[in-house]
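First comes the structure, then the notes that go with it.
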Amino acid sequence: MEYNTERPKLKISDYGRNIYKLIDYAKREEDRDKRNRMASAIVDIMASNSTESKTSEDYKRKFWVHLMIMSNWELDVDMPYEITHEETEDLVPKPLAYNQGKIRYRHYGTIMESMIKKVAEYPEGEERDELVRELAHAMKRDYLLWNHDTVEDDLITLQLEGISGGRLKVPDDFHYLAFSDYLVGTEDERRANGTRKKKKKKKKKKTNTDGMF
């Protein structure tokens, strides 16, 4: 059995491997006229499987561009459009740039840390204090989702200050909610994230009936 991990990587995966096989077959065809007809037929197949509008006159141009990309420009055919090699290079999907930065507290995630750092840039005042209150509540709720148990309020305060580089402090009149108040809205999230411990099913003891009759 041949696995996809053992096959060549697809530059454009939208059309599937069968299209790539047709392109490879067309590249081996020595007769130019036949090769042109094969390329046109492949483009028709690609276009027929597309959901894009087919009303414009040059809607097939995109598929000819993709054909050249998938063939690594090794398919020598007469194209109905003027397409340059440089044009196709810009259309090859680029890998996503994932954030490689370290997260100080993984249970809060990068979004929470980003919000804390953003709020730290706000000028001091009531607006920033209100945002700090909301962040502190959200941090405690996230911590309880991760830890499942109670957490010291002072710890959340220290972590908030640490992530913000000491720029954010909870207002003097701020009070965290009770443990149970945070759990009201988190039960469904726990189930969705699979973080709730499953109860072990008790196995029924099999009754030995040998010798009873």
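We name chains A, B, ... following the order of the structure tokens; residues begin at 1 in each chain, and ligands are numbered from 1 as shown.
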Given only C-alpha atoms, how would the per-residue table for range 62-164 of chain A near range 21-26 of chain A read, listing every residue at most 8 Å away with its closest atom pair and distance in Å to one decimal, sorted by chain and number, as a Markdown table?
```
| residue | atom | partner | partner_atom | distance |
| --- | --- | --- | --- | --- |
| A:Leu67 | CA | A:Ile23 | CA | 7.9 |
| A:Met70 | CA | A:Ile23 | CA | 7.9 |
| A:Ser71 | CA | A:Ile23 | CA | 6.5 |
| A:Leu75 | CA | A:Ala26 | CA | 7.4 |
```
Can you pull out the residues contacting Trp64 in chain A? Cut-off 9 Å, using only C-alpha atoms, and skip same-chain residues under 6 positions away; I want them as a PDB file with N, CA and C atoms, in the first residue's frame.
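Done, and the output landed in result03.pdb:
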```
ATOM      1  N   ALA A  39      -3.422  18.912 -22.525  1.00  0.00           N
ATOM      2  CA  ALA A  39      -3.347  20.015 -21.567  1.00  0.00           C
ATOM      3  C   ALA A  39      -4.678  20.748 -21.503  1.00  0.00           C
ATOM      4  N   SER A  40      -5.289  20.970 -22.662  1.00  0.00           N
ATOM      5  CA  SER A  40      -6.588  21.642 -22.700  1.00  0.00           C
ATOM      6  C   SER A  40      -7.652  20.816 -21.987  1.00  0.00           C
ATOM      7  N   VAL A  43      -7.192  21.122 -18.203  1.00  0.00           N
ATOM      8  CA  VAL A  43      -7.706  22.407 -17.727  1.00  0.00           C
ATOM      9  C   VAL A  43      -9.228  22.376 -17.641  1.00  0.00           C
ATOM     10  N   MET A  79      -0.186  27.785 -24.908  1.00  0.00           N
ATOM     11  CA  MET A  79      -1.256  28.257 -24.028  1.00  0.00           C
ATOM     12  C   MET A  79      -2.051  29.379 -24.684  1.00  0.00           C
ATOM     13  N   PRO A  80      -3.337  29.441 -24.389  1.00  0.00           N
ATOM     14  CA  PRO A  80      -4.179  30.493 -24.978  1.00  0.00           C
ATOM     15  C   PRO A  80      -3.993  31.846 -24.290  1.00  0.00           C
ATOM     16  N   TYR A  81      -3.190  31.891 -23.231  1.00  0.00           N
ATOM     17  CA  TYR A  81      -2.967  33.138 -22.509  1.00  0.00           C
ATOM     18  C   TYR A  81      -1.476  33.394 -22.376  1.00  0.00           C
ATOM     19  N   ILE A  83       1.327  33.867 -20.142  1.00  0.00           N
ATOM     20  CA  ILE A  83       1.626  33.565 -18.741  1.00  0.00           C
ATOM     21  C   ILE A  83       3.139  33.460 -18.591  1.00  0.00           C
TER      22      ILE A  83
END
```
TODO: Name the residues in contact with Leu177 in chain A at a cut-off of 12 Å, using only C-alpha atoms, excluding same-chain residues fewer than 4 positions from it; report them as a list in words.
DONE: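 The residues that qualify are Arg133, Glu134, Ala136, His137, Ala138, Met139, Lys140, Arg141, Thr150, Val151, Glu152, Asp153, Asp181, Tyr182, Leu183 and Val184 of chain A.
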Would you export the selected residues with C-alpha atoms as an mmCIF file, in the first residue's frame, please?
```
data_model
loop_
_atom_site.group_PDB
_atom_site.id
_atom_site.type_symbol
_atom_site.label_atom_id
_atom_site.label_comp_id
_atom_site.auth_asym_id
_atom_site.auth_seq_id
_atom_site.Cartn_x
_atom_site.Cartn_y
_atom_site.Cartn_z
ATOM 1 C CA ARG A 133 -10.600 44.071 35.996
ATOM 2 C CA GLU A 134 -11.954 42.144 32.999
ATOM 3 C CA ALA A 136 -8.163 39.480 35.915
ATOM 4 C CA HIS A 137 -11.578 37.786 35.867
ATOM 5 C CA ALA A 138 -10.808 36.121 32.532
ATOM 6 C CA MET A 139 -7.432 34.886 33.790
ATOM 7 C CA LYS A 140 -8.946 33.278 36.860
ATOM 8 C CA ARG A 141 -11.651 31.634 34.748
ATOM 9 C CA THR A 150 -9.356 26.489 43.380
ATOM 10 C CA VAL A 151 -6.604 28.999 42.805
ATOM 11 C CA GLU A 152 -5.189 31.740 44.990
ATOM 12 C CA ASP A 153 -6.279 35.200 43.890
ATOM 13 C CA ASP A 181 -19.265 31.970 40.237
ATOM 14 C CA TYR A 182 -16.488 31.306 37.751
ATOM 15 C CA LEU A 183 -17.514 27.686 37.323
ATOM 16 C CA VAL A 184 -21.074 28.525 36.259
#
```
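Taking CA of Phe63 in chain A and CA of Lys34 in chain A as the two end points, the separation is 19.0 Å.
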TODO: Give the answer as one residue: which of A:Met46, A:Leu10, A:Ala120, A:Val77 has the shortest atom-to-atom distance to Lys27 in chain A, using only C-alpha atoms?
DONE: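 Nearest to Lys27 in chain A: A:Val77.
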Task: Pairwise distance for CA of Leu158 in chain A and CA of Glu121 in chain A, rounded to one decimal in Å - done: 18.4 Å
Open item on the list: Using Å and a single decimal, report how far CA of Arg28 in chain A sits from CA of Asp78 in chain A.
Closed with: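 Atom-to-atom, CA of Asp78 in chain A and CA of Arg28 in chain A are spaced 15.6 Å apart.
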Open item on the list: Considering only helix (DSSP H, G or I) as DSSP defines it on the backbone, what residues of range 124-196 of chain A qualify? List them as a PyMOL selection string.
Closed with: chain A and resi 126-147+153-163+179-183+187-193
Quick one: write out the picked residues with C-alpha atoms as a PDB file, in the first residue's frame?
```
ATOM      1  CA  GLU A 126     -10.587  54.488  34.492  1.00  0.00           C
ATOM      2  CA  GLU A 127     -10.710  52.840  31.069  1.00  0.00           C
ATOM      3  CA  ARG A 128      -7.506  50.913  31.680  1.00  0.00           C
ATOM      4  CA  ASP A 129      -8.576  49.985  35.216  1.00  0.00           C
ATOM      5  CA  GLU A 130     -11.837  48.548  33.860  1.00  0.00           C
ATOM      6  CA  LEU A 131      -9.946  46.516  31.265  1.00  0.00           C
ATOM      7  CA  VAL A 132      -7.588  45.218  33.961  1.00  0.00           C
ATOM      8  CA  ARG A 133     -10.600  44.071  35.996  1.00  0.00           C
ATOM      9  CA  GLU A 134     -11.954  42.144  32.999  1.00  0.00           C
ATOM     10  CA  LEU A 135      -8.536  40.610  32.307  1.00  0.00           C
ATOM     11  CA  ALA A 136      -8.163  39.480  35.915  1.00  0.00           C
ATOM     12  CA  HIS A 137     -11.578  37.786  35.867  1.00  0.00           C
ATOM     13  CA  ALA A 138     -10.808  36.121  32.532  1.00  0.00           C
ATOM     14  CA  MET A 139      -7.432  34.886  33.790  1.00  0.00           C
ATOM     15  CA  LYS A 140      -8.946  33.278  36.860  1.00  0.00           C
ATOM     16  CA  ARG A 141     -11.651  31.634  34.748  1.00  0.00           C
ATOM     17  CA  ASP A 142      -9.045  30.269  32.318  1.00  0.00           C
ATOM     18  CA  TYR A 143      -6.910  29.034  35.191  1.00  0.00           C
ATOM     19  CA  LEU A 144      -9.835  27.126  36.687  1.00  0.00           C
ATOM     20  CA  LEU A 145     -10.558  25.511  33.318  1.00  0.00           C
ATOM     21  CA  TRP A 146      -6.993  24.263  33.244  1.00  0.00           C
ATOM     22  CA  ASN A 147      -6.521  23.407  36.913  1.00  0.00           C
ATOM     23  CA  ASP A 153      -6.279  35.200  43.890  1.00  0.00           C
ATOM     24  CA  ASP A 154      -2.854  36.612  44.737  1.00  0.00           C
ATOM     25  CA  LEU A 155      -1.318  34.241  42.207  1.00  0.00           C
ATOM     26  CA  ILE A 156      -3.513  35.604  39.395  1.00  0.00           C
ATOM     27  CA  THR A 157      -2.578  39.144  40.393  1.00  0.00           C
ATOM     28  CA  LEU A 158       1.134  38.330  40.345  1.00  0.00           C
ATOM     29  CA  GLN A 159       0.888  36.618  36.973  1.00  0.00           C
ATOM     30  CA  LEU A 160      -1.004  39.574  35.509  1.00  0.00           C
ATOM     31  CA  GLU A 161       1.719  41.913  36.695  1.00  0.00           C
ATOM     32  CA  GLY A 162       4.408  39.558  35.389  1.00  0.00           C
ATOM     33  CA  ILE A 163       2.966  39.237  31.885  1.00  0.00           C
ATOM     34  CA  PHE A 179     -14.861  30.120  43.041  1.00  0.00           C
ATOM     35  CA  SER A 180     -18.375  28.842  42.217  1.00  0.00           C
ATOM     36  CA  ASP A 181     -19.265  31.970  40.237  1.00  0.00           C
ATOM     37  CA  TYR A 182     -16.488  31.306  37.751  1.00  0.00           C
ATOM     38  CA  LEU A 183     -17.514  27.686  37.323  1.00  0.00           C
ATOM     39  CA  GLU A 187     -18.896  23.473  32.775  1.00  0.00           C
ATOM     40  CA  ASP A 188     -19.848  23.291  29.096  1.00  0.00           C
ATOM     41  CA  GLU A 189     -16.349  24.388  28.098  1.00  0.00           C
ATOM     42  CA  ARG A 190     -14.836  21.640  30.190  1.00  0.00           C
ATOM     43  CA  ARG A 191     -16.939  19.034  28.460  1.00  0.00           C
ATOM     44  CA  ALA A 192     -16.112  20.432  25.022  1.00  0.00           C
ATOM     45  CA  ASN A 193     -12.385  20.449  25.746  1.00  0.00           C
TER      46      ASN A 193
END
```
